[in-house]
Amino acid sequence: MTVYSGPVFEMAANQFTVIANHLEIPMDERARLLMPKRSVTVSCPIHRDDGTVAVFEGYRVQHHLTMGPTKGGTRFAPSVDIGEVAALAIWMSWKCALVGLPYGGAKGGVNVDVTQISKRELESLSRRYMQEMIPFVGPHTDVMAPDMGTNEQVMAWFMDTYSMYQGQTVTEIVTGKPVSSGGTLGRREATGRGVAYLARRVLKELAINPSGATAVVQGFGNVGSYAALELHHYGLKITAVSDHTGALYDEKGLDIPALMHHAQLHGSIAGFSNELHFDPAEVLTLPCDVLVPAAMERVIDARVAGKLRCRVLAEGANGPTTPEADLVLDKRNEIFLIPDILCNSGGVVVSYFEWVQDLQQLFWEEEEVMRREYQILDRAFETMLKRAKADNISHRTAAMAIGVEKVRAAKNTRGLFP
Ligand code: GLU
């Protein structure tokens, strides 16, 4: 038992054991690699609109500080607890190492249902959370970013709150900010674009013409919506989309630009036209060429894995597939897995570009951002594929092994202090 114990942390720990066994990492090195370096829990009191005071619990977990500052999103969701946040921080570490960023992983969050609070309450909560985190974060210590339930506006409030306490503007304290407040061009689209770019690359490898191929997207937040839009631009038909309010299906392909416009205006896909509505639980098992789970972790369990009818599984969410499901997928060679830590890494890659631009106060064109993002994704994809073939292992094991190996090498060459 640890303070992190719970289903999501167990999942990250089980995945790590698979990798550690594969790499034959000695037992006495394992805890140092897996267990988070630091974590903090804070109480965030705010004034509600009705004059009462409510207290929300907030967390931040910094997984390792071996390679530079820690990096990762802040999640506002009712599922958030310290174990989930720790697992997500660990995944960020393997992700950053895999794609070659000079960061350890971090994650934070507040246990709150953002649909149940007003915009003013959201601002109070965002500012109070950042204020509570000031002793714990910094541009060279820990750099936050958006995740589920947070967005550019929340990042702007975080940045403003930190800056007010410093007495000067510190844009490099968070990434995923609005472009008008020190954000980078291309960050908003970065995660979804990366997912779509890699999915298209795999379609080509499988000799499937992207034009006319089909895709299904679970989740229509920042990642799902931009992945759907980019796949749509590549010529794919997006036959189904779901979010927390329901699911839409159109075999001719949904009008994704119109759906995005609707979701931006109304906050969800609910009420969009009269396409066939169906049970969102069925979205993952619809037949399609590309399936993008871009919502929650652990949605593909062993049962769902056995029923998938896609050719490419492009993991936009963090941790959508359980280790039990991985065992099923290992036997289903007809499904090409692009594992989460590679597939959704475009977001943190462009966050890294944002941080670099803020530190240098030298800003890039969007084409430059995209060119460099795709270059990093291509390199990481090729390294993963080569490793999977050479060692005869799954894509997930290969991707995670590369990440874990890099963190381990950094720890071992730095040595154990004192
Ligand atoms: N929350 C995103 C992720 O899980 C982005 C993190 C970042 O940009 O730092 O990768």
# chains A, B, ... in the order shown; residues from 1 in each chain; ligands from 1
call {"tool": "residues_around", "arguments": {"residues": "stretch 376-392 of chain A", "least_positions_apart": "2", "cutoff": "10 Å", "atoms": "only C-alpha atoms", "output": "ChimeraX atom specification"}}
result
/A:22,98-101,194-195,197-198,201-202,338-339,342-346,349,370-374,394-402
call {"tool": "write_last_selection", "arguments": {"atoms": "N, CA, C and O atoms", "output": "compact mmCIF listing (two decimals), in the first residue's frame"}}
result
# COMPACT_ATOMS: atom_id res chain seq x y z
N HIS A 22 11.20 -6.88 -18.76
CA HIS A 22 11.76 -6.97 -20.12
C HIS A 22 13.21 -6.44 -20.14
O HIS A 22 14.08 -7.02 -20.77
N LEU A 98 10.72 9.40 -24.11
CA LEU A 98 10.60 8.76 -25.42
C LEU A 98 10.85 9.74 -26.56
O LEU A 98 11.57 9.44 -27.50
N VAL A 99 10.24 10.94 -26.47
CA VAL A 99 10.37 11.89 -27.57
C VAL A 99 11.56 12.82 -27.39
O VAL A 99 11.82 13.67 -28.24
N GLY A 100 12.28 12.67 -26.29
CA GLY A 100 13.55 13.40 -26.14
C GLY A 100 13.43 14.81 -25.58
O GLY A 100 14.22 15.68 -25.95
N LEU A 101 12.45 15.04 -24.70
CA LEU A 101 12.34 16.37 -24.08
C LEU A 101 13.10 16.39 -22.76
O LEU A 101 13.15 15.38 -22.05
N GLY A 194 -1.07 15.71 -33.91
CA GLY A 194 -0.08 14.64 -33.79
C GLY A 194 -0.75 13.27 -33.90
O GLY A 194 -0.23 12.37 -34.58
N VAL A 195 -1.89 13.11 -33.23
CA VAL A 195 -2.63 11.84 -33.28
C VAL A 195 -2.98 11.52 -34.73
O VAL A 195 -2.75 10.41 -35.22
N TYR A 197 -1.70 12.78 -37.51
CA TYR A 197 -0.50 12.63 -38.35
C TYR A 197 0.04 11.20 -38.26
O TYR A 197 0.36 10.57 -39.27
N LEU A 198 0.14 10.69 -37.03
CA LEU A 198 0.67 9.33 -36.85
C LEU A 198 -0.32 8.29 -37.39
O LEU A 198 0.10 7.30 -37.99
N ARG A 201 0.11 8.13 -41.02
CA ARG A 201 1.36 7.47 -41.36
C ARG A 201 1.19 5.94 -41.32
O ARG A 201 1.68 5.21 -42.19
N VAL A 202 0.47 5.47 -40.30
CA VAL A 202 0.24 4.03 -40.18
C VAL A 202 -0.67 3.52 -41.30
O VAL A 202 -0.43 2.46 -41.87
N ILE A 338 -0.91 2.46 -31.81
CA ILE A 338 -0.01 3.60 -31.60
C ILE A 338 -0.19 3.98 -30.12
O ILE A 338 -1.21 4.57 -29.74
N PRO A 339 0.76 3.60 -29.27
CA PRO A 339 0.54 3.75 -27.83
C PRO A 339 0.48 5.20 -27.38
O PRO A 339 1.14 6.07 -27.95
N LEU A 342 3.32 7.83 -27.21
CA LEU A 342 3.78 8.34 -28.49
C LEU A 342 2.65 9.13 -29.17
O LEU A 342 2.84 10.26 -29.62
N CYS A 343 1.47 8.51 -29.22
CA CYS A 343 0.37 9.02 -30.03
C CYS A 343 -0.06 10.43 -29.62
O CYS A 343 -0.33 11.27 -30.47
N ASN A 344 -0.13 10.69 -28.31
CA ASN A 344 -0.61 12.01 -27.88
C ASN A 344 0.52 12.94 -27.47
O ASN A 344 0.28 14.00 -26.88
N SER A 345 1.75 12.58 -27.81
CA SER A 345 2.91 13.36 -27.33
C SER A 345 3.07 14.71 -28.05
O SER A 345 3.85 15.55 -27.59
N GLY A 346 2.35 14.90 -29.16
CA GLY A 346 2.45 16.19 -29.86
C GLY A 346 2.12 17.36 -28.94
O GLY A 346 2.67 18.45 -29.09
N VAL A 349 5.13 18.06 -26.76
CA VAL A 349 6.23 18.50 -27.64
C VAL A 349 6.06 19.99 -27.94
O VAL A 349 7.01 20.78 -27.82
N MET A 370 4.84 23.27 -36.56
CA MET A 370 4.31 22.00 -37.08
C MET A 370 5.43 21.14 -37.66
O MET A 370 5.48 19.92 -37.45
N ARG A 371 6.35 21.76 -38.40
CA ARG A 371 7.44 21.00 -39.02
C ARG A 371 8.27 20.30 -37.94
O ARG A 371 8.57 19.11 -38.04
N ARG A 372 8.58 21.04 -36.89
CA ARG A 372 9.40 20.44 -35.82
C ARG A 372 8.61 19.39 -35.04
O ARG A 372 9.17 18.41 -34.59
N GLU A 373 7.31 19.64 -34.84
CA GLU A 373 6.48 18.64 -34.13
C GLU A 373 6.50 17.32 -34.90
O GLU A 373 6.78 16.25 -34.34
N TYR A 374 6.22 17.39 -36.21
CA TYR A 374 6.14 16.17 -37.01
C TYR A 374 7.50 15.47 -37.11
O TYR A 374 7.58 14.25 -37.13
N SER A 394 5.61 -5.76 -28.13
CA SER A 394 4.50 -4.91 -28.58
C SER A 394 4.98 -3.46 -28.72
O SER A 394 6.01 -3.08 -28.15
N HIS A 395 4.19 -2.68 -29.45
CA HIS A 395 4.55 -1.27 -29.61
C HIS A 395 4.58 -0.54 -28.27
O HIS A 395 5.41 0.31 -28.02
N ARG A 396 3.64 -0.90 -27.37
CA ARG A 396 3.61 -0.22 -26.07
C ARG A 396 4.88 -0.57 -25.27
O ARG A 396 5.51 0.31 -24.70
N THR A 397 5.21 -1.85 -25.27
CA THR A 397 6.40 -2.25 -24.51
C THR A 397 7.63 -1.55 -25.08
O THR A 397 8.48 -1.06 -24.32
N ALA A 398 7.72 -1.48 -26.40
CA ALA A 398 8.87 -0.83 -27.03
C ALA A 398 8.94 0.65 -26.65
O ALA A 398 9.99 1.16 -26.23
N ALA A 399 7.81 1.35 -26.78
CA ALA A 399 7.79 2.79 -26.49
C ALA A 399 8.15 3.05 -25.03
O ALA A 399 8.98 3.93 -24.71
N MET A 400 7.54 2.27 -24.13
CA MET A 400 7.80 2.49 -22.71
C MET A 400 9.23 2.09 -22.35
O MET A 400 9.88 2.75 -21.52
N ALA A 401 9.72 1.02 -22.96
CA ALA A 401 11.09 0.58 -22.66
C ALA A 401 12.09 1.68 -23.04
O ALA A 401 13.03 1.95 -22.28
N ILE A 402 11.86 2.33 -24.17
CA ILE A 402 12.78 3.41 -24.58
C ILE A 402 12.74 4.55 -23.56
O ILE A 402 13.77 5.08 -23.15
call {"tool": "residues_near_ligand", "arguments": {"ligand": "ligand 1", "cutoff": "9 Å", "atoms": "only C-alpha atoms and all ligand atoms", "output": "ChimeraX atom specification"}}
result
/A:70-75,88-89,91-92,95-96,105-107,143-148,174-176,187,191,317-318,341,344-352
call {"tool": "residues_around", "arguments": {"residues": "A:Gly6", "least_positions_apart": "4", "cutoff": "12 Å", "atoms": "only C-alpha atoms", "output": "VMD selection string"}}
result
chain A and resid 1 to 2 10 to 14 79 to 87
call {"tool": "select_by_dssp", "arguments": {"residues": "stretch 28-101 of chain A", "states": "helix (DSSP H, G or I)", "output": "list in words"}}
result
Asp28, Glu29, Arg30, Ala31, Arg32, Leu33, Leu34, Ile82, Gly83, Glu84, Val85, Ala86, Ala87, Leu88, Ala89, Ile90, Trp91, Met92, Ser93, Trp94, Lys95, Cys96, Ala97, Leu98 and Val99 of chain A
call {"tool": "residues_around", "arguments": {"residues": "A:Pro69", "least_positions_apart": "4", "cutoff": "9 Å", "atoms": "only C-alpha atoms", "output": "PyMOL selection string"}}
result
chain A and resi 64-65+102-105+138-143
call {"tool": "write_last_selection", "arguments": {"atoms": "N, CA and C atoms", "output": "PDB file, in the first residue's frame"}}
result
ATOM      1  N   HIS A  64       9.836  12.643 -11.452  1.00  0.00           N
ATOM      2  CA  HIS A  64      11.289  12.645 -11.219  1.00  0.00           C
ATOM      3  C   HIS A  64      11.902  13.947 -11.704  1.00  0.00           C
ATOM      4  N   LEU A  65      12.999  14.329 -11.046  1.00  0.00           N
ATOM      5  CA  LEU A  65      13.621  15.635 -11.311  1.00  0.00           C
ATOM      6  C   LEU A  65      15.012  15.433 -11.899  1.00  0.00           C
ATOM      7  N   PRO A 102      13.673  17.533 -22.372  1.00  0.00           N
ATOM      8  CA  PRO A 102      14.500  17.591 -21.156  1.00  0.00           C
ATOM      9  C   PRO A 102      13.673  17.766 -19.882  1.00  0.00           C
ATOM     10  N   TYR A 103      12.707  16.902 -19.696  1.00  0.00           N
ATOM     11  CA  TYR A 103      11.764  17.030 -18.587  1.00  0.00           C
ATOM     12  C   TYR A 103      11.556  15.691 -17.881  1.00  0.00           C
ATOM     13  N   GLY A 104      11.189  15.780 -16.592  1.00  0.00           N
ATOM     14  CA  GLY A 104      10.548  14.653 -15.929  1.00  0.00           C
ATOM     15  C   GLY A 104       9.044  14.846 -16.049  1.00  0.00           C
ATOM     16  N   GLY A 105       8.279  13.868 -15.624  1.00  0.00           N
ATOM     17  CA  GLY A 105       6.822  13.973 -15.737  1.00  0.00           C
ATOM     18  C   GLY A 105       6.197  14.560 -14.480  1.00  0.00           C
ATOM     19  N   GLY A 138       7.695  26.272 -10.690  1.00  0.00           N
ATOM     20  CA  GLY A 138       8.535  27.352 -11.199  1.00  0.00           C
ATOM     21  C   GLY A 138       8.969  26.995 -12.611  1.00  0.00           C
ATOM     22  N   PRO A 139       9.401  27.981 -13.398  1.00  0.00           N
ATOM     23  CA  PRO A 139       9.775  27.705 -14.789  1.00  0.00           C
ATOM     24  C   PRO A 139      10.932  26.711 -14.922  1.00  0.00           C
ATOM     25  N   HIS A 140      11.724  26.556 -13.855  1.00  0.00           N
ATOM     26  CA  HIS A 140      12.807  25.569 -13.897  1.00  0.00           C
ATOM     27  C   HIS A 140      12.589  24.455 -12.884  1.00  0.00           C
ATOM     28  N   THR A 141      11.373  24.387 -12.329  1.00  0.00           N
ATOM     29  CA  THR A 141      11.039  23.349 -11.342  1.00  0.00           C
ATOM     30  C   THR A 141       9.925  22.453 -11.859  1.00  0.00           C
ATOM     31  N   ASP A 142       8.813  23.075 -12.244  1.00  0.00           N
ATOM     32  CA  ASP A 142       7.642  22.310 -12.671  1.00  0.00           C
ATOM     33  C   ASP A 142       6.750  23.240 -13.488  1.00  0.00           C
ATOM     34  N   VAL A 143       6.441  22.833 -14.711  1.00  0.00           N
ATOM     35  CA  VAL A 143       5.703  23.681 -15.652  1.00  0.00           C
ATOM     36  C   VAL A 143       4.376  23.004 -15.995  1.00  0.00           C
TER      37      VAL A 143
END
call {"tool": "residues_around", "arguments": {"residues": "A:Gly246", "least_positions_apart": "2", "cutoff": "7 Å", "atoms": "only C-alpha atoms", "output": "PyMOL selection string"}}
result
chain A and resi 242-244+270+279-280
call {"tool": "write_last_selection", "arguments": {"atoms": "N, CA, C and O atoms", "output": "PDB file, in the first residue's frame"}}
result
ATOM      1  N   SER A 242     -18.257  10.624 -29.928  1.00  0.00           N
ATOM      2  CA  SER A 242     -19.033  10.643 -28.683  1.00  0.00           C
ATOM      3  C   SER A 242     -18.401  11.616 -27.701  1.00  0.00           C
ATOM      4  O   SER A 242     -17.224  11.962 -27.828  1.00  0.00           O
ATOM      5  N   ASP A 243     -19.189  12.062 -26.739  1.00  0.00           N
ATOM      6  CA  ASP A 243     -18.637  12.780 -25.585  1.00  0.00           C
ATOM      7  C   ASP A 243     -19.484  12.419 -24.364  1.00  0.00           C
ATOM      8  O   ASP A 243     -20.287  11.474 -24.438  1.00  0.00           O
ATOM      9  N   HIS A 244     -19.339  13.160 -23.249  1.00  0.00           N
ATOM     10  CA  HIS A 244     -20.047  12.766 -22.040  1.00  0.00           C
ATOM     11  C   HIS A 244     -21.564  12.902 -22.164  1.00  0.00           C
ATOM     12  O   HIS A 244     -22.311  12.378 -21.345  1.00  0.00           O
ATOM     13  N   ALA A 270     -24.088  17.663 -27.706  1.00  0.00           N
ATOM     14  CA  ALA A 270     -25.544  17.513 -27.528  1.00  0.00           C
ATOM     15  C   ALA A 270     -26.297  18.564 -28.344  1.00  0.00           C
ATOM     16  O   ALA A 270     -25.911  19.729 -28.373  1.00  0.00           O
ATOM     17  N   ASP A 279     -25.867   4.639 -28.103  1.00  0.00           N
ATOM     18  CA  ASP A 279     -25.242   4.469 -26.793  1.00  0.00           C
ATOM     19  C   ASP A 279     -23.732   4.694 -26.895  1.00  0.00           C
ATOM     20  O   ASP A 279     -23.048   3.962 -27.610  1.00  0.00           O
ATOM     21  N   PRO A 280     -23.186   5.691 -26.153  1.00  0.00           N
ATOM     22  CA  PRO A 280     -21.747   5.970 -26.256  1.00  0.00           C
ATOM     23  C   PRO A 280     -20.876   4.759 -25.888  1.00  0.00           C
ATOM     24  O   PRO A 280     -19.740   4.666 -26.330  1.00  0.00           O
TER      25      PRO A 280
END
call {"tool": "select_by_dssp", "arguments": {"residues": "stretch 131-358 of chain A", "states": "strand (DSSP E or B)", "output": "PyMOL selection string"}}
result
chain A and resi 138+142-146+174+214-218+237-243+246-249+276-278+290-293+300+312-314+321+336-338
call {"tool": "write_last_selection", "arguments": {"atoms": "C-alpha atoms", "output": "mmCIF file, in the first residue's frame"}}
result
data_model
loop_
_atom_site.group_PDB
_atom_site.id
_atom_site.type_symbol
_atom_site.label_atom_id
_atom_site.label_comp_id
_atom_site.auth_asym_id
_atom_site.auth_seq_id
_atom_site.Cartn_x
_atom_site.Cartn_y
_atom_site.Cartn_z
ATOM 1 C CA GLY A 138 8.535 27.352 -11.199
ATOM 2 C CA ASP A 142 7.642 22.310 -12.671
ATOM 3 C CA VAL A 143 5.703 23.681 -15.652
ATOM 4 C CA MET A 144 1.931 23.092 -15.877
ATOM 5 C CA ALA A 145 -0.264 22.776 -18.977
ATOM 6 C CA PRO A 146 -3.909 22.033 -19.832
ATOM 7 C CA VAL A 174 2.773 27.365 -17.783
ATOM 8 C CA THR A 214 -13.191 5.736 -41.797
ATOM 9 C CA ALA A 215 -12.490 6.943 -38.254
ATOM 10 C CA VAL A 216 -14.344 6.858 -34.940
ATOM 11 C CA VAL A 217 -13.452 9.288 -32.153
ATOM 12 C CA GLN A 218 -14.361 8.834 -28.486
ATOM 13 C CA LYS A 237 -14.839 9.983 -43.026
ATOM 14 C CA ILE A 238 -15.509 10.422 -39.311
ATOM 15 C CA THR A 239 -18.479 8.102 -38.935
ATOM 16 C CA ALA A 240 -18.959 8.403 -35.158
ATOM 17 C CA VAL A 241 -18.082 10.772 -32.345
ATOM 18 C CA SER A 242 -19.033 10.643 -28.683
ATOM 19 C CA ASP A 243 -18.637 12.780 -25.585
ATOM 20 C CA GLY A 246 -23.940 11.079 -26.009
ATOM 21 C CA ALA A 247 -22.834 9.768 -29.382
ATOM 22 C CA LEU A 248 -23.488 10.638 -33.034
ATOM 23 C CA TYR A 249 -23.269 8.342 -36.064
ATOM 24 C CA LEU A 276 -28.423 8.898 -35.430
ATOM 25 C CA HIS A 277 -27.849 9.043 -31.706
ATOM 26 C CA PHE A 278 -26.721 5.852 -29.998
ATOM 27 C CA VAL A 290 -8.900 4.353 -37.251
ATOM 28 C CA LEU A 291 -10.211 4.318 -33.677
ATOM 29 C CA VAL A 292 -9.211 7.270 -31.491
ATOM 30 C CA PRO A 293 -10.029 6.908 -27.786
ATOM 31 C CA ILE A 300 -10.547 -0.450 -23.252
ATOM 32 C CA VAL A 312 -5.388 1.339 -36.229
ATOM 33 C CA LEU A 313 -5.803 2.086 -32.523
ATOM 34 C CA ALA A 314 -4.537 5.639 -32.052
ATOM 35 C CA THR A 321 -6.039 0.567 -22.507
ATOM 36 C CA PHE A 336 -1.815 -1.606 -35.257
ATOM 37 C CA LEU A 337 -1.429 0.085 -31.858
ATOM 38 C CA ILE A 338 -0.010 3.603 -31.595
#
call {"tool": "atom_distance", "arguments": {"atom1": "atom CA of A:Arg38", "atom2": "atom CA of A:Arg60"}}
result
8.4 Å
call {"tool": "residues_around", "arguments": {"residues": "stretch 305-309 of chain A", "least_positions_apart": "2", "cutoff": "7 Å", "atoms": "only C-alpha atoms", "output": "list in words"}}
result
Leu284, Thr285, Leu286, Pro287, Cys288, Ile300, Asp301, Ala302, Arg303, Arg311, Ala325, Val328 and Leu329 of chain A
call {"tool": "write_last_selection", "arguments": {"atoms": "all heavy atoms", "output": "mmCIF file, in the first residue's frame"}}
result
data_model
loop_
_atom_site.group_PDB
_atom_site.id
_atom_site.type_symbol
_atom_site.label_atom_id
_atom_site.label_comp_id
_atom_site.auth_asym_id
_atom_site.auth_seq_id
_atom_site.Cartn_x
_atom_site.Cartn_y
_atom_site.Cartn_z
ATOM 1 N N LEU A 284 -16.652 2.426 -29.142
ATOM 2 C CA LEU A 284 -15.317 1.842 -29.303
ATOM 3 C C LEU A 284 -15.314 0.594 -30.184
ATOM 4 O O LEU A 284 -14.284 0.245 -30.752
ATOM 5 C CB LEU A 284 -14.732 1.492 -27.927
ATOM 6 C CG LEU A 284 -14.441 2.675 -27.006
ATOM 7 C CD1 LEU A 284 -14.106 2.200 -25.596
ATOM 8 C CD2 LEU A 284 -13.280 3.516 -27.544
ATOM 9 N N THR A 285 -16.449 -0.074 -30.256
ATOM 10 C CA THR A 285 -16.460 -1.348 -30.976
ATOM 11 C C THR A 285 -17.101 -1.245 -32.364
ATOM 12 O O THR A 285 -17.373 -2.250 -33.004
ATOM 13 C CB THR A 285 -17.181 -2.425 -30.131
ATOM 14 O OG1 THR A 285 -18.432 -1.903 -29.702
ATOM 15 C CG2 THR A 285 -16.345 -2.795 -28.916
ATOM 16 N N LEU A 286 -17.305 -0.026 -32.835
ATOM 17 C CA LEU A 286 -17.824 0.151 -34.196
ATOM 18 C C LEU A 286 -16.738 -0.221 -35.211
ATOM 19 O O LEU A 286 -15.551 -0.009 -34.955
ATOM 20 C CB LEU A 286 -18.212 1.616 -34.429
ATOM 21 C CG LEU A 286 -19.450 2.127 -33.699
ATOM 22 C CD1 LEU A 286 -19.553 3.648 -33.872
ATOM 23 C CD2 LEU A 286 -20.700 1.449 -34.242
ATOM 24 N N PRO A 287 -17.119 -0.741 -36.373
ATOM 25 C CA PRO A 287 -16.105 -1.011 -37.392
ATOM 26 C C PRO A 287 -15.556 0.291 -37.966
ATOM 27 O O PRO A 287 -16.327 1.218 -38.235
ATOM 28 C CB PRO A 287 -16.870 -1.798 -38.466
ATOM 29 C CG PRO A 287 -18.308 -1.554 -38.209
ATOM 30 C CD PRO A 287 -18.480 -1.100 -36.800
ATOM 31 N N CYS A 288 -14.239 0.383 -38.117
ATOM 32 C CA CYS A 288 -13.607 1.585 -38.681
ATOM 33 C C CYS A 288 -12.158 1.274 -39.001
ATOM 34 O O CYS A 288 -11.622 0.261 -38.549
ATOM 35 C CB CYS A 288 -13.683 2.749 -37.691
ATOM 36 S SG CYS A 288 -12.875 2.415 -36.130
ATOM 37 N N ILE A 300 -10.673 0.805 -22.494
ATOM 38 C CA ILE A 300 -10.547 -0.450 -23.252
ATOM 39 C C ILE A 300 -10.016 -1.519 -22.296
ATOM 40 O O ILE A 300 -8.825 -1.552 -21.989
ATOM 41 C CB ILE A 300 -9.623 -0.267 -24.477
ATOM 42 C CG1 ILE A 300 -10.165 0.844 -25.378
ATOM 43 C CG2 ILE A 300 -9.471 -1.581 -25.234
ATOM 44 C CD1 ILE A 300 -9.299 1.176 -26.578
ATOM 45 N N ASP A 301 -10.936 -2.343 -21.805
ATOM 46 C CA ASP A 301 -10.521 -3.449 -20.942
ATOM 47 C C ASP A 301 -10.432 -4.707 -21.813
ATOM 48 O O ASP A 301 -10.623 -4.650 -23.037
ATOM 49 C CB ASP A 301 -11.481 -3.617 -19.753
ATOM 50 C CG ASP A 301 -12.915 -3.831 -20.207
ATOM 51 O OD1 ASP A 301 -13.136 -4.160 -21.393
ATOM 52 O OD2 ASP A 301 -13.835 -3.673 -19.380
ATOM 53 N N ALA A 302 -10.164 -5.847 -21.188
ATOM 54 C CA ALA A 302 -9.952 -7.075 -21.974
ATOM 55 C C ALA A 302 -11.180 -7.401 -22.826
ATOM 56 O O ALA A 302 -11.061 -7.825 -23.979
ATOM 57 C CB ALA A 302 -9.620 -8.222 -21.037
ATOM 58 N N ARG A 303 -12.368 -7.170 -22.261
ATOM 59 C CA ARG A 303 -13.599 -7.499 -22.991
ATOM 60 C C ARG A 303 -13.749 -6.627 -24.241
ATOM 61 O O ARG A 303 -13.994 -7.119 -25.338
ATOM 62 C CB ARG A 303 -14.807 -7.293 -22.060
ATOM 63 C CG ARG A 303 -16.121 -7.857 -22.538
ATOM 64 C CD ARG A 303 -17.264 -7.445 -21.588
ATOM 65 N NE ARG A 303 -17.351 -5.986 -21.440
ATOM 66 C CZ ARG A 303 -17.990 -5.174 -22.291
ATOM 67 N NH1 ARG A 303 -18.613 -5.669 -23.337
ATOM 68 N NH2 ARG A 303 -18.000 -3.863 -22.089
ATOM 69 N N ARG A 311 -8.541 -1.026 -37.558
ATOM 70 C CA ARG A 311 -7.226 -1.454 -38.047
ATOM 71 C C ARG A 311 -6.108 -0.738 -37.298
ATOM 72 O O ARG A 311 -5.032 -1.264 -37.102
ATOM 73 C CB ARG A 311 -7.098 -1.139 -39.564
ATOM 74 C CG ARG A 311 -8.068 -1.892 -40.458
ATOM 75 C CD ARG A 311 -7.814 -3.398 -40.427
ATOM 76 N NE ARG A 311 -6.423 -3.759 -40.633
ATOM 77 C CZ ARG A 311 -5.812 -3.813 -41.824
ATOM 78 N NH1 ARG A 311 -6.482 -3.547 -42.912
ATOM 79 N NH2 ARG A 311 -4.537 -4.159 -41.920
ATOM 80 N N ALA A 325 -6.121 -5.719 -21.268
ATOM 81 C CA ALA A 325 -6.488 -5.514 -22.672
ATOM 82 C C ALA A 325 -5.259 -5.636 -23.562
ATOM 83 O O ALA A 325 -5.336 -6.153 -24.690
ATOM 84 C CB ALA A 325 -7.134 -4.143 -22.857
ATOM 85 N N VAL A 328 -4.714 -9.080 -24.696
ATOM 86 C CA VAL A 328 -5.609 -9.450 -25.802
ATOM 87 C C VAL A 328 -5.079 -8.864 -27.111
ATOM 88 O O VAL A 328 -4.997 -9.546 -28.142
ATOM 89 C CB VAL A 328 -7.052 -8.954 -25.527
ATOM 90 C CG1 VAL A 328 -7.969 -9.253 -26.699
ATOM 91 C CG2 VAL A 328 -7.587 -9.560 -24.232
ATOM 92 N N LEU A 329 -4.683 -7.585 -27.061
ATOM 93 C CA LEU A 329 -4.207 -6.915 -28.289
ATOM 94 C C LEU A 329 -2.913 -7.541 -28.806
ATOM 95 O O LEU A 329 -2.670 -7.562 -30.015
ATOM 96 C CB LEU A 329 -3.994 -5.421 -28.032
ATOM 97 C CG LEU A 329 -5.259 -4.586 -27.802
ATOM 98 C CD1 LEU A 329 -4.910 -3.138 -27.497
ATOM 99 C CD2 LEU A 329 -6.191 -4.658 -29.010
#
call {"tool": "atom_distance", "arguments": {"atom1": "atom CA of A:Ala196", "atom2": "atom CA of A:Phe353"}}
result
19.6 Å
call {"tool": "residues_around", "arguments": {"residues": "A:Arg120", "least_positions_apart": "6", "cutoff": "12 Å", "atoms": "only C-alpha atoms", "output": "ChimeraX atom specification"}}
result
/A:46-50,114,126-127,153-154,157
